[in-house]
Amino acid sequence: MKSPVFETFGCRLNAYETEAMRDLSTGLDNAIIINTCAVTAEAVRKARQRIRHLRRENPDAKMIVTGCAAQIEPETFAKMPEVDLVLGNLEKMQPDTWKAMSGPDFIGGTEKIKVNDIMAATETAGHLIDGFGTRSRAYVQVQNGCDHRCTFCIIPYGRGNSRSVPAGVVVEQIQRLVDKGFNEIVLTGVDMTSWGADLPATPQLGNLVQRILKLVPDLPRLRISSIDSIEADDALIEAITSEHRLMPHLHLSLQAGDNMILKRMKRRHSREDSIEFCADIRQARPDIVFGADIIAGFPTETDEMFENSLKLVKDCGLTWLHVFPYSPRQGTPAARMPAVDGRVIKARAAQLRAIGEKAVQTHLTRQIGTRHTVLLESPRMGRTEGFAEVIYDTDQPVGDIISTKISGVSGGQLLA
């Protein structure tokens, strides 16, 4: 009997759900589960390519495909001769789905697609896990889905409408993880700042963050994976600027630096909003480090408009960039807008990445001679409060948080 093999594409939430499936699939043998991403057409292409490769290497294994791409276009994967079963995002998190895997007709039967309407979903976090990744850091899902309809984004059709995990459930899980020895918790979700809108009394994300820090006093470090800055509530901003256990690292969903492009994307913020937010937070907490998602080559983007996105990196003081070359997703409004030439998109993405690499080097160089508390992920690598990697020349205790003086920079890493 071979334990199931898992392959994960995409976001941290997908990685979280892969670990949940690993727990749920106990007893399933000789199977490969591909947890797909649909954020770009390229992500879907890579998943299909990987499926074909794994089938060649494992001709007798059961091939199960799930995740956002499988939810949005199940027929695409069902038509692949390499695939035995397509599971939706709801189905993959249900214990009954995995219990039924041993049945004679569940895999390889007449019904190859088991994907229900994601928009009918009303619950999230059907399965809680006790941490994954390193022994030092654990991820906790607090929210799923998205109620917004940005013109470029297909993800709401893969994840459904926004659903929140009640604060009590979140706090209970975090306490359990801290009791197991995890020193850092990362809150994850699709649209984190919408947390609470579907719960009684409609609490906001800041309320959840402050409640965690108050009710789990022995949690050393709390981190937020990504937020929409325009929706950051007062309590969240207060926590970011005043709570030392909340790490000074925010990844922002900015997407562009030009107001016309932001309007065509149907974003809810302006260029000025982003700059003001970053300036205000930095003034209150000077050690804050910002990352951001930015799309290169959105339809109708001119050279002048793209220049505004380049300038945004400096104007906001961004460090960690996630650059996405725009690719049309069928079924989204942006896919019907006048497209930018593919070679131009590629060149703009390269420009953004180059500026991002310079920003990282500038940030890292400034850390030389300073002290940081570093969470050890492996014997010779850990991360600072601002999420920079630190490399050691001798073994350190994995999972511990140690005070470290930075002695230099090598590539994209700090030396200690």
# chains A, B, ... in the order shown; residues from 1 in each chain; ligands from 1
$ residues_around --residues "Cys11 of chain A" --least-positions-apart "5" --cutoff "10 Å" --atoms "only C-alpha atoms" --output "JSON, numbers by chain"
{"A": [16, 36, 37, 39, 188, 189, 190]}
$ write_last_selection --atoms "N, CA and C atoms" --output "mmCIF file, in the first residue's frame"
data_model
loop_
_atom_site.group_PDB
_atom_site.id
_atom_site.type_symbol
_atom_site.label_atom_id
_atom_site.label_comp_id
_atom_site.auth_asym_id
_atom_site.auth_seq_id
_atom_site.Cartn_x
_atom_site.Cartn_y
_atom_site.Cartn_z
ATOM 1 N N TYR A 16 -2.935 24.928 2.954
ATOM 2 C CA TYR A 16 -3.660 24.543 4.173
ATOM 3 C C TYR A 16 -4.618 23.392 3.867
ATOM 4 N N THR A 36 -5.319 22.192 -7.519
ATOM 5 C CA THR A 36 -5.007 23.165 -8.564
ATOM 6 C C THR A 36 -5.304 24.603 -8.158
ATOM 7 N N CYS A 37 -4.753 25.526 -8.949
ATOM 8 C CA CYS A 37 -4.975 26.964 -8.798
ATOM 9 C C CYS A 37 -5.539 27.503 -10.111
ATOM 10 N N VAL A 39 -5.737 31.133 -10.610
ATOM 11 C CA VAL A 39 -5.559 32.582 -10.597
ATOM 12 C C VAL A 39 -5.144 33.126 -11.970
ATOM 13 N N THR A 188 -4.965 32.935 7.431
ATOM 14 C CA THR A 188 -5.109 32.879 5.981
ATOM 15 C C THR A 188 -6.576 32.950 5.570
ATOM 16 N N GLY A 189 -6.790 33.392 4.330
ATOM 17 C CA GLY A 189 -8.121 33.449 3.751
ATOM 18 C C GLY A 189 -8.020 33.985 2.336
ATOM 19 N N VAL A 190 -9.126 34.005 1.629
ATOM 20 C CA VAL A 190 -9.159 34.527 0.263
ATOM 21 C C VAL A 190 -9.279 36.047 0.277
#
$ select_by_dssp --residues "segment 118-299 of chain A" --states "helix (DSSP H, G or I)" --output "ChimeraX atom specification"
/A:118-120,156-159,167-179,192-194,205-215,229-231,234-242,259-265,271-284
$ residues_around --residues "Thr373 of chain A" --least-positions-apart "4" --cutoff "10 Å" --atoms "only C-alpha atoms" --output "number ranges by chain"
A: 382-386, 400-405
$ write_last_selection --atoms "C-alpha atoms" --output "short mmCIF file (atom, residue, chain, number, x, y, z; two decimals), in the first residue's frame"
data_model
loop_
_atom_site.label_atom_id
_atom_site.label_comp_id
_atom_site.auth_asym_id
_atom_site.auth_seq_id
_atom_site.Cartn_x
_atom_site.Cartn_y
_atom_site.Cartn_z
CA GLY A 382 14.94 31.40 9.96
CA ARG A 383 12.86 34.50 9.29
CA THR A 384 12.83 37.95 10.81
CA GLU A 385 9.74 39.78 11.98
CA GLY A 386 9.55 41.30 8.46
CA ASP A 400 12.89 28.55 18.65
CA ILE A 401 12.87 32.35 18.43
CA ILE A 402 16.37 33.74 18.95
CA SER A 403 17.86 37.23 19.05
CA THR A 404 20.25 37.66 16.14
CA LYS A 405 22.62 40.36 14.93
#
$ residues_around --residues "segment 284-294 of chain A" --least-positions-apart "2" --cutoff "9 Å" --atoms "only C-alpha atoms" --output "count of residues only"
38
$ residues_around --residues "segment 204-214 of chain A" --least-positions-apart "2" --cutoff "6 Å" --atoms "only C-alpha atoms" --output "compact mmCIF listing (two decimals) with N, CA and C atoms, in the first residue's frame"
# COMPACT_ATOMS: atom_id res chain seq x y z
N VAL A 171 -9.80 30.98 17.87
CA VAL A 171 -9.01 31.10 19.10
C VAL A 171 -8.71 29.72 19.68
N THR A 193 -9.96 40.75 4.82
CA THR A 193 -10.61 41.92 5.44
C THR A 193 -12.13 41.85 5.37
N TRP A 195 -13.58 39.27 6.68
CA TRP A 195 -13.91 38.39 7.80
C TRP A 195 -14.97 39.04 8.69
N GLY A 196 -15.94 38.25 9.08
CA GLY A 196 -16.94 38.68 10.04
C GLY A 196 -18.22 39.23 9.48
N VAL A 216 -5.00 34.45 23.78
CA VAL A 216 -3.88 33.49 23.69
C VAL A 216 -2.60 34.25 24.04
N PRO A 217 -2.44 34.61 25.32
CA PRO A 217 -1.31 35.45 25.70
C PRO A 217 0.04 34.80 25.53
N ALA A 235 -9.70 48.91 14.34
CA ALA A 235 -9.12 48.00 15.33
C ALA A 235 -7.94 47.23 14.74
N LEU A 236 -8.01 46.91 13.45
CA LEU A 236 -6.90 46.23 12.80
C LEU A 236 -5.68 47.15 12.70
$ residues_around --residues "segment 66-83 of chain A" --least-positions-apart "6" --cutoff "7 Å" --atoms "only C-alpha atoms" --output "PyMOL selection string"
chain A and resi 34-38+44+52+55+89+92+112-113+115+157-159
$ write_last_selection --atoms "N, CA and C atoms" --output "mmCIF file, in the first residue's frame"
data_model
loop_
_atom_site.group_PDB
_atom_site.id
_atom_site.type_symbol
_atom_site.label_atom_id
_atom_site.label_comp_id
_atom_site.auth_asym_id
_atom_site.auth_seq_id
_atom_site.Cartn_x
_atom_site.Cartn_y
_atom_site.Cartn_z
ATOM 1 N N ILE A 34 -4.020 16.227 -7.012
ATOM 2 C CA ILE A 34 -3.507 17.508 -7.499
ATOM 3 C C ILE A 34 -4.463 18.612 -7.058
ATOM 4 N N ASN A 35 -3.973 19.516 -6.219
ATOM 5 C CA ASN A 35 -4.786 20.634 -5.730
ATOM 6 C C ASN A 35 -4.443 21.860 -6.582
ATOM 7 N N THR A 36 -5.319 22.192 -7.519
ATOM 8 C CA THR A 36 -5.007 23.165 -8.564
ATOM 9 C C THR A 36 -5.304 24.603 -8.158
ATOM 10 N N CYS A 37 -4.753 25.526 -8.949
ATOM 11 C CA CYS A 37 -4.975 26.964 -8.798
ATOM 12 C C CYS A 37 -5.539 27.503 -10.111
ATOM 13 N N ALA A 38 -6.359 28.549 -10.020
ATOM 14 C CA ALA A 38 -6.967 29.113 -11.226
ATOM 15 C C ALA A 38 -6.698 30.593 -11.384
ATOM 16 N N VAL A 44 -3.339 27.109 -14.710
ATOM 17 C CA VAL A 44 -4.119 25.963 -15.186
ATOM 18 C C VAL A 44 -3.280 25.123 -16.145
ATOM 19 N N ARG A 52 -0.125 15.247 -16.603
ATOM 20 C CA ARG A 52 0.371 14.333 -17.650
ATOM 21 C C ARG A 52 1.701 13.701 -17.240
ATOM 22 N N ARG A 55 1.182 11.069 -14.498
ATOM 23 C CA ARG A 55 0.572 9.852 -15.029
ATOM 24 C C ARG A 55 1.613 8.971 -15.721
ATOM 25 N N ASN A 89 -14.189 22.147 -4.712
ATOM 26 C CA ASN A 89 -13.583 22.711 -3.502
ATOM 27 C C ASN A 89 -14.388 22.413 -2.246
ATOM 28 N N LYS A 92 -13.791 18.391 -1.526
ATOM 29 C CA LYS A 92 -12.458 17.965 -1.080
ATOM 30 C C LYS A 92 -12.271 18.109 0.424
ATOM 31 N N LYS A 112 -17.501 10.857 -13.290
ATOM 32 C CA LYS A 112 -16.101 11.282 -13.133
ATOM 33 C C LYS A 112 -15.983 12.632 -12.434
ATOM 34 N N ILE A 113 -17.045 13.433 -12.492
ATOM 35 C CA ILE A 113 -17.027 14.779 -11.902
ATOM 36 C C ILE A 113 -17.915 14.821 -10.669
ATOM 37 N N VAL A 115 -18.561 17.785 -8.473
ATOM 38 C CA VAL A 115 -18.385 19.211 -8.223
ATOM 39 C C VAL A 115 -19.754 19.848 -8.069
ATOM 40 N N TYR A 157 -15.450 32.369 -8.373
ATOM 41 C CA TYR A 157 -16.183 31.258 -8.973
ATOM 42 C C TYR A 157 -15.571 29.915 -8.595
ATOM 43 N N GLY A 158 -14.365 29.960 -8.028
ATOM 44 C CA GLY A 158 -13.737 28.746 -7.526
ATOM 45 C C GLY A 158 -13.908 28.585 -6.030
ATOM 46 N N ARG A 159 -14.101 29.715 -5.342
ATOM 47 C CA ARG A 159 -14.167 29.694 -3.880
ATOM 48 C C ARG A 159 -15.545 30.029 -3.317
#
$ select_by_dssp --residues "segment 141-312 of chain A" --states "strand (DSSP E)" --output "count of residues only"
29
$ atom_distance --atom1 "atom CA of Leu177 of chain A" --atom2 "atom CA of Arg371 of chain A"
27.5 Å
